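One file, model_26.pdb, carrying PDB, N, CA and C atoms:
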ATOM      1  N   MET A   1       0.846  -1.167   0.000  1.00  0.00           N
ATOM      2  CA  MET A   1       0.000   0.000   0.000  1.00  0.00           C
ATOM      3  C   MET A   1       0.894   1.234   0.000  1.00  0.00           C
ATOM      4  N   LYS A   2       0.565   2.171  -0.829  1.00  0.00           N
ATOM      5  CA  LYS A   2       1.281   3.448  -0.849  1.00  0.00           C
ATOM      6  C   LYS A   2       0.297   4.538  -0.453  1.00  0.00           C
ATOM      7  N   LEU A   3       0.746   5.438   0.398  1.00  0.00           N
ATOM      8  CA  LEU A   3      -0.063   6.579   0.826  1.00  0.00           C
ATOM      9  C   LEU A   3       0.732   7.853   0.598  1.00  0.00           C
ATOM     10  N   LYS A   4       0.053   8.876   0.199  1.00  0.00           N
ATOM     11  CA  LYS A   4       0.692  10.189   0.078  1.00  0.00           C
ATOM     12  C   LYS A   4       0.566  10.889   1.420  1.00  0.00           C
ATOM     13  N   ILE A   5       1.656  11.537   1.837  1.00  0.00           N
ATOM     14  CA  ILE A   5       1.628  12.350   3.044  1.00  0.00           C
ATOM     15  C   ILE A   5       2.011  13.769   2.658  1.00  0.00           C
ATOM     16  N   VAL A   6       1.543  14.712   3.436  1.00  0.00           N
ATOM     17  CA  VAL A   6       1.912  16.115   3.237  1.00  0.00           C
ATOM     18  C   VAL A   6       2.825  16.494   4.393  1.00  0.00           C
ATOM     19  N   VAL A   7       4.048  16.904   4.066  1.00  0.00           N
ATOM     20  CA  VAL A   7       5.045  17.256   5.065  1.00  0.00           C
ATOM     21  C   VAL A   7       5.120  18.772   5.181  1.00  0.00           C
ATOM     22  N   HIS A   8       5.077  19.245   6.420  1.00  0.00           N
ATOM     23  CA  HIS A   8       5.142  20.682   6.712  1.00  0.00           C
ATOM     24  C   HIS A   8       6.354  20.947   7.607  1.00  0.00           C
ATOM     25  N   ARG A   9       6.972  22.094   7.417  1.00  0.00           N
ATOM     26  CA  ARG A   9       7.988  22.537   8.369  1.00  0.00           C
ATOM     27  C   ARG A   9       7.254  23.114   9.579  1.00  0.00           C
ATOM     28  N   ALA A  10       7.652  22.689  10.758  1.00  0.00           N
ATOM     29  CA  ALA A  10       7.049  23.201  11.988  1.00  0.00           C
ATOM     30  C   ALA A  10       7.680  24.545  12.336  1.00  0.00           C
ATOM     31  N   GLU A  11       6.868  25.472  12.805  1.00  0.00           N
ATOM     32  CA  GLU A  11       7.365  26.806  13.148  1.00  0.00           C
ATOM     33  C   GLU A  11       8.434  26.752  14.232  1.00  0.00           C
ATOM     34  N   GLU A  12       8.276  25.806  15.165  1.00  0.00           N
ATOM     35  CA  GLU A  12       9.227  25.705  16.270  1.00  0.00           C
ATOM     36  C   GLU A  12      10.448  24.848  15.934  1.00  0.00           C
ATOM     37  N   GLY A  13      10.512  24.389  14.687  1.00  0.00           N
ATOM     38  CA  GLY A  13      11.612  23.540  14.235  1.00  0.00           C
ATOM     39  C   GLY A  13      11.126  22.128  13.982  1.00  0.00           C
ATOM     40  N   GLY A  14      11.824  21.423  13.143  1.00  0.00           N
ATOM     41  CA  GLY A  14      11.420  20.068  12.804  1.00  0.00           C
ATOM     42  C   GLY A  14      10.322  20.063  11.759  1.00  0.00           C
ATOM     43  N   TYR A  15       9.593  18.961  11.717  1.00  0.00           N
ATOM     44  CA  TYR A  15       8.564  18.764  10.702  1.00  0.00           C
ATOM     45  C   TYR A  15       7.325  18.128  11.328  1.00  0.00           C
ATOM     46  N   TRP A  16       6.213  18.306  10.638  1.00  0.00           N
ATOM     47  CA  TRP A  16       5.012  17.541  10.977  1.00  0.00           C
ATOM     48  C   TRP A  16       4.375  17.117   9.661  1.00  0.00           C
ATOM     49  N   ALA A  17       3.612  16.031   9.719  1.00  0.00           N
ATOM     50  CA  ALA A  17       3.009  15.494   8.501  1.00  0.00           C
ATOM     51  C   ALA A  17       1.598  15.030   8.780  1.00  0.00           C
ATOM     52  N   GLU A  18       0.803  15.028   7.710  1.00  0.00           N
ATOM     53  CA  GLU A  18      -0.567  14.529   7.784  1.00  0.00           C
ATOM     54  C   GLU A  18      -0.795  13.578   6.619  1.00  0.00           C
ATOM     55  N   VAL A  19      -1.733  12.657   6.827  1.00  0.00           N
ATOM     56  CA  VAL A  19      -2.094  11.678   5.803  1.00  0.00           C
ATOM     57  C   VAL A  19      -3.523  12.004   5.373  1.00  0.00           C
ATOM     58  N   PRO A  20      -3.705  12.695   4.246  1.00  0.00           N
ATOM     59  CA  PRO A  20      -5.052  13.120   3.839  1.00  0.00           C
ATOM     60  C   PRO A  20      -6.055  11.976   3.697  1.00  0.00           C
ATOM     61  N   ALA A  21      -5.584  10.785   3.333  1.00  0.00           N
ATOM     62  CA  ALA A  21      -6.488   9.654   3.132  1.00  0.00           C
ATOM     63  C   ALA A  21      -6.997   9.062   4.446  1.00  0.00           C
ATOM     64  N   ILE A  22      -6.368   9.425   5.578  1.00  0.00           N
ATOM     65  CA  ILE A  22      -6.764   8.885   6.881  1.00  0.00           C
ATOM     66  C   ILE A  22      -7.010  10.066   7.812  1.00  0.00           C
ATOM     67  N   ALA A  23      -8.258  10.380   8.031  1.00  0.00           N
ATOM     68  CA  ALA A  23      -8.623  11.539   8.853  1.00  0.00           C
ATOM     69  C   ALA A  23      -7.977  11.450  10.238  1.00  0.00           C
ATOM     70  N   GLY A  24      -7.325  12.546  10.640  1.00  0.00           N
ATOM     71  CA  GLY A  24      -6.730  12.628  11.967  1.00  0.00           C
ATOM     72  C   GLY A  24      -5.387  11.944  12.115  1.00  0.00           C
ATOM     73  N   CYS A  25      -4.833  11.401  11.044  1.00  0.00           N
ATOM     74  CA  CYS A  25      -3.549  10.704  11.113  1.00  0.00           C
ATOM     75  C   CYS A  25      -2.433  11.715  10.877  1.00  0.00           C
ATOM     76  N   VAL A  26      -1.757  12.108  11.943  1.00  0.00           N
ATOM     77  CA  VAL A  26      -0.680  13.098  11.886  1.00  0.00           C
ATOM     78  C   VAL A  26       0.463  12.648  12.789  1.00  0.00           C
ATOM     79  N   SER A  27       1.641  13.211  12.570  1.00  0.00           N
ATOM     80  CA  SER A  27       2.777  12.968  13.449  1.00  0.00           C
ATOM     81  C   SER A  27       3.801  14.067  13.237  1.00  0.00           C
ATOM     82  N   GLN A  28       4.873  14.032  14.023  1.00  0.00           N
ATOM     83  CA  GLN A  28       5.918  15.043  13.904  1.00  0.00           C
ATOM     84  C   GLN A  28       7.251  14.412  14.183  1.00  0.00           C
ATOM     85  N   GLY A  29       8.315  15.156  13.877  1.00  0.00           N
ATOM     86  CA  GLY A  29       9.675  14.701  14.155  1.00  0.00           C
ATOM     87  C   GLY A  29      10.639  15.861  14.088  1.00  0.00           C
ATOM     88  N   GLU A  30      11.724  15.743  14.832  1.00  0.00           N
ATOM     89  CA  GLU A  30      12.745  16.789  14.837  1.00  0.00           C
ATOM     90  C   GLU A  30      13.516  16.809  13.529  1.00  0.00           C
ATOM     91  N   SER A  31      13.692  15.644  12.909  1.00  0.00           N
ATOM     92  CA  SER A  31      14.372  15.558  11.617  1.00  0.00           C
ATOM     93  C   SER A  31      13.418  14.908  10.618  1.00  0.00           C
ATOM     94  N   PHE A  32      13.754  14.983   9.337  1.00  0.00           N
ATOM     95  CA  PHE A  32      12.918  14.380   8.309  1.00  0.00           C
ATOM     96  C   PHE A  32      12.865  12.862   8.482  1.00  0.00           C
ATOM     97  N   ASP A  33      14.017  12.253   8.796  1.00  0.00           N
ATOM     98  CA  ASP A  33      14.047  10.801   9.004  1.00  0.00           C
ATOM     99  C   ASP A  33      13.190  10.387  10.205  1.00  0.00           C
ATOM    100  N   GLU A  34      13.265  11.152  11.277  1.00  0.00           N
ATOM    101  CA  GLU A  34      12.435  10.856  12.458  1.00  0.00           C
ATOM    102  C   GLU A  34      10.958  11.004  12.113  1.00  0.00           C
ATOM    103  N   LEU A  35      10.628  12.024  11.352  1.00  0.00           N
ATOM    104  CA  LEU A  35       9.246  12.224  10.920  1.00  0.00           C
ATOM    105  C   LEU A  35       8.746  11.018  10.136  1.00  0.00           C
ATOM    106  N   LEU A  36       9.548  10.510   9.193  1.00  0.00           N
ATOM    107  CA  LEU A  36       9.124   9.366   8.391  1.00  0.00           C
ATOM    108  C   LEU A  36       8.887   8.135   9.261  1.00  0.00           C
ATOM    109  N   ARG A  37       9.753   7.907  10.246  1.00  0.00           N
ATOM    110  CA  ARG A  37       9.537   6.777  11.161  1.00  0.00           C
ATOM    111  C   ARG A  37       8.241   6.979  11.955  1.00  0.00           C
ATOM    112  N   ASN A  38       8.036   8.181  12.438  1.00  0.00           N
ATOM    113  CA  ASN A  38       6.866   8.457  13.270  1.00  0.00           C
ATOM    114  C   ASN A  38       5.563   8.406  12.479  1.00  0.00           C
ATOM    115  N   ILE A  39       5.555   8.906  11.257  1.00  0.00           N
ATOM    116  CA  ILE A  39       4.311   8.904  10.475  1.00  0.00           C
ATOM    117  C   ILE A  39       3.971   7.481  10.057  1.00  0.00           C
ATOM    118  N   ARG A  40       4.977   6.655   9.799  1.00  0.00           N
ATOM    119  CA  ARG A  40       4.721   5.233   9.492  1.00  0.00           C
ATOM    120  C   ARG A  40       4.055   4.562  10.695  1.00  0.00           C
ATOM    121  N   GLU A  41       4.564   4.832  11.884  1.00  0.00           N
ATOM    122  CA  GLU A  41       3.982   4.268  13.103  1.00  0.00           C
ATOM    123  C   GLU A  41       2.556   4.789  13.308  1.00  0.00           C
ATOM    124  N   ALA A  42       2.335   6.068  13.016  1.00  0.00           N
ATOM    125  CA  ALA A  42       0.993   6.649  13.148  1.00  0.00           C
ATOM    126  C   ALA A  42       0.012   5.987  12.189  1.00  0.00           C
ATOM    127  N   VAL A  43       0.441   5.748  10.954  1.00  0.00           N
ATOM    128  CA  VAL A  43      -0.429   5.087   9.970  1.00  0.00           C
ATOM    129  C   VAL A  43      -0.785   3.681  10.451  1.00  0.00           C
ATOM    130  N   GLU A  44       0.205   2.944  10.934  1.00  0.00           N
ATOM    131  CA  GLU A  44      -0.060   1.599  11.439  1.00  0.00           C
ATOM    132  C   GLU A  44      -1.071   1.648  12.579  1.00  0.00           C
ATOM    133  N   GLY A  45      -0.925   2.610  13.464  1.00  0.00           N
ATOM    134  CA  GLY A  45      -1.865   2.750  14.577  1.00  0.00           C
ATOM    135  C   GLY A  45      -3.258   3.136  14.116  1.00  0.00           C
ATOM    136  N   CYS A  46      -3.338   4.042  13.150  1.00  0.00           N
ATOM    137  CA  CYS A  46      -4.645   4.472  12.641  1.00  0.00           C
ATOM    138  C   CYS A  46      -5.366   3.351  11.914  1.00  0.00           C
ATOM    139  N   LEU A  47      -4.620   2.465  11.267  1.00  0.00           N
ATOM    140  CA  LEU A  47      -5.236   1.392  10.493  1.00  0.00           C
ATOM    141  C   LEU A  47      -5.460   0.115  11.295  1.00  0.00           C
ATOM    142  N   SER A  48      -4.840   0.017  12.471  1.00  0.00           N
ATOM    143  CA  SER A  48      -5.032  -1.197  13.259  1.00  0.00           C
ATOM    144  C   SER A  48      -6.400  -1.156  13.924  1.00  0.00           C
ATOM    145  N   VAL A  49      -7.017  -2.317  13.995  1.00  0.00           N
ATOM    146  CA  VAL A  49      -8.358  -2.421  14.553  1.00  0.00           C
ATOM    147  C   VAL A  49      -8.369  -3.573  15.542  1.00  0.00           C
ATOM    148  N   ASP A  50      -8.933  -3.332  16.707  1.00  0.00           N
ATOM    149  CA  ASP A  50      -9.100  -4.400  17.683  1.00  0.00           C
ATOM    150  C   ASP A  50     -10.446  -5.053  17.431  1.00  0.00           C
ATOM    151  N   LEU A  51     -10.439  -6.284  16.936  1.00  0.00           N
ATOM    152  CA  LEU A  51     -11.678  -6.964  16.592  1.00  0.00           C
ATOM    153  C   LEU A  51     -12.563  -7.221  17.800  1.00  0.00           C
ATOM    154  N   LEU A  52     -12.012  -7.117  18.993  1.00  0.00           N
ATOM    155  CA  LEU A  52     -12.833  -7.307  20.188  1.00  0.00           C
ATOM    156  C   LEU A  52     -13.873  -6.202  20.322  1.00  0.00           C
ATOM    157  N   ASP A  53     -13.616  -5.052  19.710  1.00  0.00           N
ATOM    158  CA  ASP A  53     -14.541  -3.919  19.792  1.00  0.00           C
ATOM    159  C   ASP A  53     -15.594  -3.932  18.691  1.00  0.00           C
ATOM    160  N   ILE A  54     -15.516  -4.889  17.775  1.00  0.00           N
ATOM    161  CA  ILE A  54     -16.434  -4.945  16.639  1.00  0.00           C
ATOM    162  C   ILE A  54     -17.284  -6.204  16.758  1.00  0.00           C
ATOM    163  N   PRO A  55     -18.614  -6.049  16.726  1.00  0.00           N
ATOM    164  CA  PRO A  55     -19.453  -7.244  16.809  1.00  0.00           C
ATOM    165  C   PRO A  55     -19.304  -8.107  15.553  1.00  0.00           C
ATOM    166  N   VAL A  56     -18.917  -9.364  15.739  1.00  0.00           N
ATOM    167  CA  VAL A  56     -18.751 -10.314  14.647  1.00  0.00           C
ATOM    168  C   VAL A  56     -19.542 -11.570  15.009  1.00  0.00           C
ATOM    169  N   SER A  57     -20.478 -11.948  14.131  1.00  0.00           N
ATOM    170  CA  SER A  57     -21.290 -13.136  14.397  1.00  0.00           C
ATOM    171  C   SER A  57     -20.594 -14.389  13.870  1.00  0.00           C
ATOM    172  N   ASP A  58     -21.158 -15.537  14.163  1.00  0.00           N
ATOM    173  CA  ASP A  58     -20.598 -16.807  13.695  1.00  0.00           C
ATOM    174  C   ASP A  58     -20.638 -16.929  12.174  1.00  0.00           C
ATOM    175  N   THR A  59     -21.523 -16.193  11.521  1.00  0.00           N
ATOM    176  CA  THR A  59     -21.634 -16.282  10.065  1.00  0.00           C
ATOM    177  C   THR A  59     -20.789 -15.234   9.350  1.00  0.00           C
ATOM    178  N   ASP A  60     -20.212 -14.289  10.095  1.00  0.00           N
ATOM    179  CA  ASP A  60     -19.345 -13.268   9.505  1.00  0.00           C
ATOM    180  C   ASP A  60     -17.954 -13.841   9.261  1.00  0.00           C
ATOM    181  N   ARG A  61     -17.252 -13.243   8.315  1.00  0.00           N
ATOM    182  CA  ARG A  61     -15.873 -13.640   8.020  1.00  0.00           C
ATOM    183  C   ARG A  61     -14.964 -12.430   8.175  1.00  0.00           C
ATOM    184  N   VAL A  62     -13.835 -12.613   8.804  1.00  0.00           N
ATOM    185  CA  VAL A  62     -12.820 -11.570   8.909  1.00  0.00           C
ATOM    186  C   VAL A  62     -11.719 -11.915   7.910  1.00  0.00           C
ATOM    187  N   VAL A  63     -11.455 -10.994   6.973  1.00  0.00           N
ATOM    188  CA  VAL A  63     -10.523 -11.237   5.883  1.00  0.00           C
ATOM    189  C   VAL A  63      -9.531 -10.086   5.830  1.00  0.00           C
ATOM    190  N   GLU A  64      -8.261 -10.383   5.585  1.00  0.00           N
ATOM    191  CA  GLU A  64      -7.257  -9.342   5.382  1.00  0.00           C
ATOM    192  C   GLU A  64      -6.985  -9.218   3.888  1.00  0.00           C
ATOM    193  N   ILE A  65      -6.829  -7.972   3.428  1.00  0.00           N
ATOM    194  CA  ILE A  65      -6.504  -7.737   2.026  1.00  0.00           C
ATOM    195  C   ILE A  65      -5.254  -6.852   1.967  1.00  0.00           C
ATOM    196  N   ALA A  66      -4.531  -6.975   0.898  1.00  0.00           N
ATOM    197  CA  ALA A  66      -3.378  -6.095   0.649  1.00  0.00           C
ATOM    198  C   ALA A  66      -3.728  -5.219  -0.554  1.00  0.00           C
ATOM    199  N   VAL A  67      -3.447  -3.936  -0.424  1.00  0.00           N
ATOM    200  CA  VAL A  67      -3.704  -3.016  -1.529  1.00  0.00           C
ATOM    201  C   VAL A  67      -2.441  -2.280  -1.882  1.00  0.00           C
TER     202      VAL A  67
END
What is this structure when it is put down as structure tokens?
Amino acid sequence: MKLKIVVHRAEEGGYWAEVPAIAGCVSQGESFDELLRNIREAVEGCLSVDLLDIPVSDTDRVVEIAV
């Protein structure tokens, strides 16, 4: 999966980024490399789902897809 991120220079120094395709998915870093590590972690967190919080019946199927 590839996602586009928008990287901004932070006024106080460093960078912050947002992922337009995932509402509320943002992160920051003091360096560009740190920002990339942090935004990757933020995306993983935004996309992870705890199935215990979702009602799933015996007839439902949980399937993973790669895009």
Translate the PyMOL selection byres (((chain A and resi 39 and name CA) around 9) and name CA) into a concrete residue list for this structure, as a PyMOL selection string. chain A and resi 5+16-19+25-29+34-38+40-44
To one decimal in Å, tell me the separation between atom N of A:Val49 and atom CA of A:Lys2.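 A separation of 18.0 Å between them.
The interatomic distance for the pair atom N of A:Lys4 and atom N of A:Ala21 works out to 6.7 Å.
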Between atom C of A:Leu3 and atom N of A:Phe32, what distance in Å does the model show, to one decimal?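 For atom C of A:Leu3 relative to atom N of A:Phe32, the distance reads 17.2 Å.
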Using the file's own x, y and z axes, what box holds all listed atoms of stretch 22-27 of chain A with 6 Å on each side, keeping edges along x, y and z, and what are its centre and edge lengths in Å to one decimal, as AutoDock Vina command-line options?
--center_x -2.4 --center_y 11.5 --center_z 9.5 --size_x 24.4 --size_y 17.2 --size_z 19.9
In chain A, DSSP helix (DSSP H, G or I) residues written as a list in words: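 After running DSSP on the backbone, chain A has helix (DSSP H, G or I) at Phe32, Asp33, Glu34, Leu35, Leu36, Arg37, Asn38, Ile39, Arg40, Glu41, Ala42, Val43, Glu44, Gly45, Cys46, Leu47, Leu51, Leu52 and Asp53 of chain A.
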DSSP strand (DSSP E or B) residues within chain A, as a compact mmCIF listing (two decimals) with N, CA and C atoms, in the frame of the given file:
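Output (part_36.txt):
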# COMPACT_ATOMS: atom_id res chain seq x y z
N VAL A 6 1.54 14.71 3.44
CA VAL A 6 1.91 16.11 3.24
C VAL A 6 2.82 16.49 4.39
N VAL A 7 4.05 16.90 4.07
CA VAL A 7 5.04 17.26 5.07
C VAL A 7 5.12 18.77 5.18
N HIS A 8 5.08 19.24 6.42
CA HIS A 8 5.14 20.68 6.71
C HIS A 8 6.35 20.95 7.61
N ARG A 9 6.97 22.09 7.42
CA ARG A 9 7.99 22.54 8.37
C ARG A 9 7.25 23.11 9.58
N TYR A 15 9.59 18.96 11.72
CA TYR A 15 8.56 18.76 10.70
C TYR A 15 7.32 18.13 11.33
N TRP A 16 6.21 18.31 10.64
CA TRP A 16 5.01 17.54 10.98
C TRP A 16 4.38 17.12 9.66
N ALA A 17 3.61 16.03 9.72
CA ALA A 17 3.01 15.49 8.50
C ALA A 17 1.60 15.03 8.78
N GLU A 18 0.80 15.03 7.71
CA GLU A 18 -0.57 14.53 7.78
C GLU A 18 -0.80 13.58 6.62
N VAL A 26 -1.76 12.11 11.94
CA VAL A 26 -0.68 13.10 11.89
C VAL A 26 0.46 12.65 12.79
N SER A 27 1.64 13.21 12.57
CA SER A 27 2.78 12.97 13.45
C SER A 27 3.80 14.07 13.24
N GLN A 28 4.87 14.03 14.02
CA GLN A 28 5.92 15.04 13.90
C GLN A 28 7.25 14.41 14.18
N GLY A 29 8.32 15.16 13.88
CA GLY A 29 9.68 14.70 14.16
C GLY A 29 10.64 15.86 14.09
Nearest to A:Glu12, restricted to only C-alpha atoms and choosing among A:Arg61, A:Gly24, A:Val67, A:Glu30, comes out as A:Glu30
